[in-house]
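Dumped upload.tsv below, it's TSV, C-alpha atoms:
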chain	number	residue	atom	x	y	z
J	1	MET	CA	64.74	263.11	143.44
J	2	VAL	CA	62.51	263.03	140.36
J	3	PRO	CA	59.26	264.91	140.98
J	4	HIS	CA	56.22	262.75	141.58
J	5	VAL	CA	54.09	265.61	140.28
J	6	VAL	CA	54.49	268.41	137.78
J	7	VAL	CA	51.78	271.01	138.35
J	8	LEU	CA	51.07	273.23	135.33
J	9	ASN	CA	49.18	276.37	136.33
J	10	GLY	CA	47.83	278.66	133.67
J	11	GLY	CA	44.70	280.37	132.49
J	12	SER	CA	42.17	279.04	130.04
J	13	SER	CA	43.69	278.56	126.56
J	14	SER	CA	47.21	279.22	127.86
J	15	GLY	CA	48.54	276.03	126.30
J	16	LYS	CA	48.59	273.73	129.34
J	17	SER	CA	47.04	270.78	127.52
J	18	SER	CA	49.30	271.03	124.50
J	19	LEU	CA	52.30	271.31	126.80
J	20	ALA	CA	51.19	268.39	128.98
J	21	GLY	CA	50.58	266.17	125.96
J	22	LYS	CA	54.12	266.77	124.71
J	23	LEU	CA	55.62	266.58	128.20
J	24	VAL	CA	54.38	263.08	129.07
J	25	ARG	CA	56.03	261.84	125.87
J	26	LEU	CA	59.40	263.33	126.88
J	27	LEU	CA	59.52	262.39	130.54
J	28	PRO	CA	61.26	259.15	131.52
J	29	GLY	CA	58.97	256.30	132.53
J	30	THR	CA	55.20	256.35	132.74
J	31	TRP	CA	53.54	259.65	133.62
J	32	LEU	CA	49.79	260.19	133.86
J	33	ARG	CA	48.16	263.41	132.73
J	34	LEU	CA	45.29	264.69	134.88
J	35	ASN	CA	43.39	267.86	134.09
J	36	VAL	CA	41.02	269.91	136.24
J	37	ASP	CA	38.65	269.76	133.24
J	38	THR	CA	38.34	266.02	133.95
J	39	LEU	CA	36.96	266.92	137.37
J	40	ILE	CA	34.65	269.55	135.90
J	41	ASP	CA	33.40	267.12	133.24
J	42	ALA	CA	32.66	264.57	135.99
J	43	LEU	CA	30.39	266.99	137.86
J	44	PRO	CA	26.64	266.51	137.54
J	45	PRO	CA	25.09	268.58	134.73
J	46	ALA	CA	23.26	270.94	137.11
J	47	PHE	CA	26.20	271.51	139.46
J	48	ASP	CA	26.00	275.22	138.64
J	49	GLU	CA	22.62	275.19	140.38
J	50	VAL	CA	23.97	273.53	143.52
J	51	GLU	CA	24.50	276.02	146.33
J	52	GLY	CA	28.24	276.57	146.56
J	53	GLY	CA	28.88	274.78	143.27
J	54	LEU	CA	30.69	275.94	140.15
J	55	VAL	CA	29.23	278.70	138.01
J	56	LEU	CA	30.61	279.70	134.62
J	57	GLY	CA	29.39	283.23	133.85
J	58	LEU	CA	28.42	284.36	130.38
J	59	ASP	CA	31.22	286.93	130.60
J	60	GLY	CA	33.87	284.23	131.12
J	61	SER	CA	33.95	284.58	134.89
J	62	VAL	CA	34.18	281.50	137.07
J	63	SER	CA	32.89	281.36	140.62
J	64	THR	CA	33.11	278.51	143.07
J	65	GLY	CA	31.75	277.88	146.50
J	66	PRO	CA	32.19	275.49	149.40
J	67	GLU	CA	30.57	272.50	147.70
J	68	PHE	CA	32.96	272.75	144.75
J	69	ALA	CA	35.87	273.17	147.19
J	70	ARG	CA	34.79	269.97	148.98
J	71	VAL	CA	34.63	268.00	145.74
J	72	GLU	CA	37.87	269.50	144.44
J	73	SER	CA	39.69	268.66	147.70
J	74	ALA	CA	38.66	265.02	147.36
J	75	TRP	CA	39.90	265.05	143.75
J	76	MET	CA	43.21	266.58	144.80
J	77	ARG	CA	43.71	263.91	147.46
J	78	GLY	CA	42.93	261.28	144.83
J	79	VAL	CA	45.56	262.75	142.50
J	80	ALA	CA	48.07	262.67	145.37
J	81	THR	CA	47.28	259.01	146.04
J	82	ILE	CA	47.92	258.18	142.38
J	83	ALA	CA	51.12	260.26	142.33
J	84	ALA	CA	52.51	258.28	145.25
J	85	GLU	CA	52.64	255.29	142.88
J	86	VAL	CA	52.76	256.77	139.36
J	87	PRO	CA	54.12	260.24	138.49
J	88	VAL	CA	51.51	262.75	137.38
J	89	VAL	CA	51.35	265.92	135.30
J	90	VAL	CA	48.48	268.06	136.61
J	91	GLU	CA	46.88	270.80	134.51
J	92	ASP	CA	45.07	273.42	136.57
J	93	GLY	CA	44.26	277.10	136.75
J	94	PHE	CA	44.51	278.60	140.23
J	95	LEU	CA	41.39	280.73	140.05
J	96	SER	CA	41.61	281.28	143.80
J	97	GLY	CA	45.26	282.36	143.54
J	98	PRO	CA	47.61	281.38	146.37
J	99	VAL	CA	44.74	279.65	148.19
J	100	GLY	CA	44.50	277.22	145.26
J	101	GLN	CA	48.22	276.53	145.32
J	102	GLU	CA	48.14	276.02	149.08
J	103	ARG	CA	45.32	273.50	148.71
J	104	TRP	CA	47.49	271.58	146.24
J	105	ARG	CA	50.50	271.86	148.57
J	106	GLU	CA	48.46	270.30	151.38
J	107	ALA	CA	47.13	267.50	149.15
J	108	LEU	CA	50.59	266.75	147.72
J	109	ALA	CA	52.45	266.93	151.05
J	110	GLY	CA	55.29	264.42	151.10
J	111	LEU	CA	55.61	264.29	147.31
J	112	ASP	CA	58.25	266.06	145.25
J	113	VAL	CA	56.45	268.69	143.15
J	114	LEU	CA	57.69	270.87	140.30
J	115	TRP	CA	55.53	274.01	140.11
J	116	VAL	CA	55.33	275.38	136.55
J	117	GLY	CA	53.67	278.63	135.49
J	118	VAL	CA	52.25	278.38	131.97
J	119	ARG	CA	51.97	281.91	130.63
J	120	CYS	CA	51.00	283.57	127.42
J	121	ALA	CA	49.81	287.05	126.57
J	122	ALA	CA	46.10	287.68	127.01
J	123	ASP	CA	45.76	288.44	123.29
J	124	VAL	CA	47.30	285.08	122.39
J	125	ALA	CA	45.07	283.20	124.84
J	126	GLU	CA	42.01	285.07	123.57
J	127	ALA	CA	42.82	284.18	119.94
J	128	ARG	CA	43.23	280.52	120.94
J	129	GLU	CA	39.93	280.67	122.81
J	130	ARG	CA	38.12	281.98	119.71
J	131	ALA	CA	39.77	279.35	117.48
J	132	ARG	CA	38.80	276.53	119.86
J	133	GLY	CA	35.17	277.50	120.02
J	134	ASP	CA	34.57	275.39	123.13
J	135	ARG	CA	35.11	278.06	125.77
J	136	ILE	CA	33.05	280.96	127.02
J	137	GLY	CA	34.34	284.17	125.48
J	138	GLY	CA	36.32	286.32	127.88
J	139	MET	CA	37.55	283.47	130.05
J	140	ALA	CA	41.07	283.41	128.55
J	141	ARG	CA	41.61	287.16	128.89
J	142	ALA	CA	40.24	287.23	132.44
J	143	GLN	CA	42.49	284.38	133.57
J	144	ALA	CA	45.70	285.18	131.63
J	145	GLU	CA	47.34	287.02	134.52
J	146	ALA	CA	44.90	286.46	137.39
J	147	VAL	CA	45.82	282.79	137.90
J	148	HIS	CA	49.49	283.74	138.41
J	149	ALA	CA	48.98	286.49	141.02
J	150	GLY	CA	50.84	285.55	144.20
J	151	ILE	CA	51.87	282.08	142.97
J	152	GLY	CA	55.37	280.72	143.54
J	153	TYR	CA	56.94	278.68	140.74
J	154	ASP	CA	60.04	276.61	140.21
J	155	LEU	CA	59.84	277.39	136.50
J	156	GLU	CA	57.79	279.46	134.06
J	157	VAL	CA	57.28	278.97	130.33
J	158	ASP	CA	55.71	281.34	127.81
J	159	THR	CA	53.63	279.30	125.38
J	160	GLY	CA	53.09	282.37	123.24
J	161	ALA	CA	56.83	282.51	122.55
J	162	LEU	CA	57.61	278.76	122.66
J	163	SER	CA	56.06	275.93	120.67
J	164	PRO	CA	54.49	273.10	122.68
J	165	ASP	CA	57.55	270.96	121.85
J	166	ALA	CA	60.00	273.63	123.01
J	167	ALA	CA	58.06	274.40	126.20
J	168	ALA	CA	57.82	270.68	126.99
J	169	ALA	CA	61.59	270.32	126.46
J	170	VAL	CA	62.22	273.11	128.98
J	171	VAL	CA	59.98	271.49	131.59
J	172	ALA	CA	61.30	267.97	130.92
J	173	SER	CA	64.86	269.26	131.37
J	174	ALA	CA	63.90	270.74	134.73
J	175	VAL	CA	62.39	267.41	135.80
J	176	VAL	CA	65.51	265.48	134.78
J	177	ASP	CA	67.79	268.07	136.40
J	178	ARG	CA	66.09	267.42	139.76
J	179	THR	CA	67.21	263.80	139.80
Take the structure in the file and give it back as structure tokens.
Amino acid sequence: MVPHVVVLNGGSSSGKSSLAGKLVRLLPGTWLRLNVDTLIDALPPAFDEVEGGLVLGLDGSVSTGPEFARVESAWMRGVATIAAEVPVVVEDGFLSGPVGQERWREALAGLDVLWVGVRCAADVAEARERARGDRIGGMARAQAEAVHAGIGYDLEVDTGALSPDAAAAVVASAVVDRT
């Protein structure tokens, strides 16, 4: 069975977006690309002031509370509803570790999911973060390994060693092989 969903988990500046952009071009049929940043961008501007919201620290830390979890759960269920009709590539970073993956597992229950770890060395992610200029400094280094702790994957790719095209080819091959 072809996966309905490919979940890319990696830290900030790990290369998830570059990989996803290449991947949807390689996969057979129509695949949508949905990114947790889309959810974050949709939040009200002062959501960091909402009790239990989402707070991005000046040191690159990210903290979330129950209100963010409520909103994120609704978003996850929405992604699952879409994926039941149109395959989806999801870009996320499991800041809450296995709890984050379990929340996705619950939302995506009944769908075939390919779990992909998107890794790169902290130094590589940090250099990308500086070059981008649109992230809080320290976020990439803090997340480089933390988002992978305790997570189970079907496949892992190292975007520090592979180009976006090569990493996408590896993932696309895994999707096709599951048919």
Point-to-point distance from atom CA of Val5 of chain J to atom CA of Asp165 of chain J, Å rounded to tenths: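 Spanning atom CA of Val5 of chain J to atom CA of Asp165 of chain J is a straight-line distance of 19.5 Å.
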Mind checking which residues fall within 12 Å of Phe47 of chain J, counting all atoms listed in the file, ignoring those fewer than 6 positions away in the same chain, and posting them as a PyMOL selection string? chain J and resi 39-41+53-56+63-65+67-68+71
For Val90 of chain J: contacts at 8 Å, all atoms listed in the file, fewer than 2 positions along chain excluded, given as a PyMOL selection string: chain J and resi 5-8+33-36+88+92
For segment 116-120 of chain J, find every residue with an atom within 7 Å (counting only C-alpha atoms), except residues of its own chain fewer than 4 positions away, and show them as a ChimeraX atom specification. /J:7-10,14,16,124-125,144,153-160
Near Leu26 of chain J, within 10 Å and counting only C-alpha atoms, which residues show up once chain neighbours fewer than 5 positions away are dropped, as a list in words? Ala20, Gly21, Trp31, Asp165, Ala168, Ala169, Val171, Ala172 and Ser173 of chain J
Surrounding residues of Arg103 of chain J excluding itself and chain neighbours under 3 positions, 10 Å, all atoms listed in the file, as a ChimeraX atom specification: /J:69,72-73,76-77,94,96,98-100,106-109
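If all atoms listed in the file are the atoms counted, then among J:Leu95, J:Leu111, J:Gly137, J:Arg70 the closest residue to Ala149 of chain J is J:Leu95.
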Among the residues J:Leu23, J:Leu43, J:Ile136, J:Ala80, the one that comes closest to Val176 of chain J [using all atoms listed in the file]: J:Leu23
Atom CA of Val170 of chain J to atom CA of Ala83 of chain J: how many Å, to one decimal? 21.6 Å
Between J:Val175, J:Val50, J:Ala131, J:Ala74, which has the minimum distance to Val89 of chain J (counting all atoms listed in the file)?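 The shortest atom-to-atom distance to Val89 of chain J comes from J:Val175.
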To one decimal place, how far is atom CA of Ile151 of chain J from atom CA of Gly93 of chain J in Å?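 Interatomic distance, atom CA of Ile151 of chain J to atom CA of Gly93 of chain J: 11.0 Å.
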Taking all listed atoms of segment 166-173 of chain J, build the axis-aligned box, pad each of the six sides by 3 Å, then write its centre and edge lengths in Å to one decimal as JSON.
{"center_x": 61.3, "center_y": 271.2, "center_z": 127.3, "size_x": 13.0, "size_y": 12.4, "size_z": 14.6}
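Checking J:Gly133, J:Glu49, J:Thr30, J:His4 one by one against Val79 of chain J, counting all atoms listed in the file, you find the shortest gap at J:His4.
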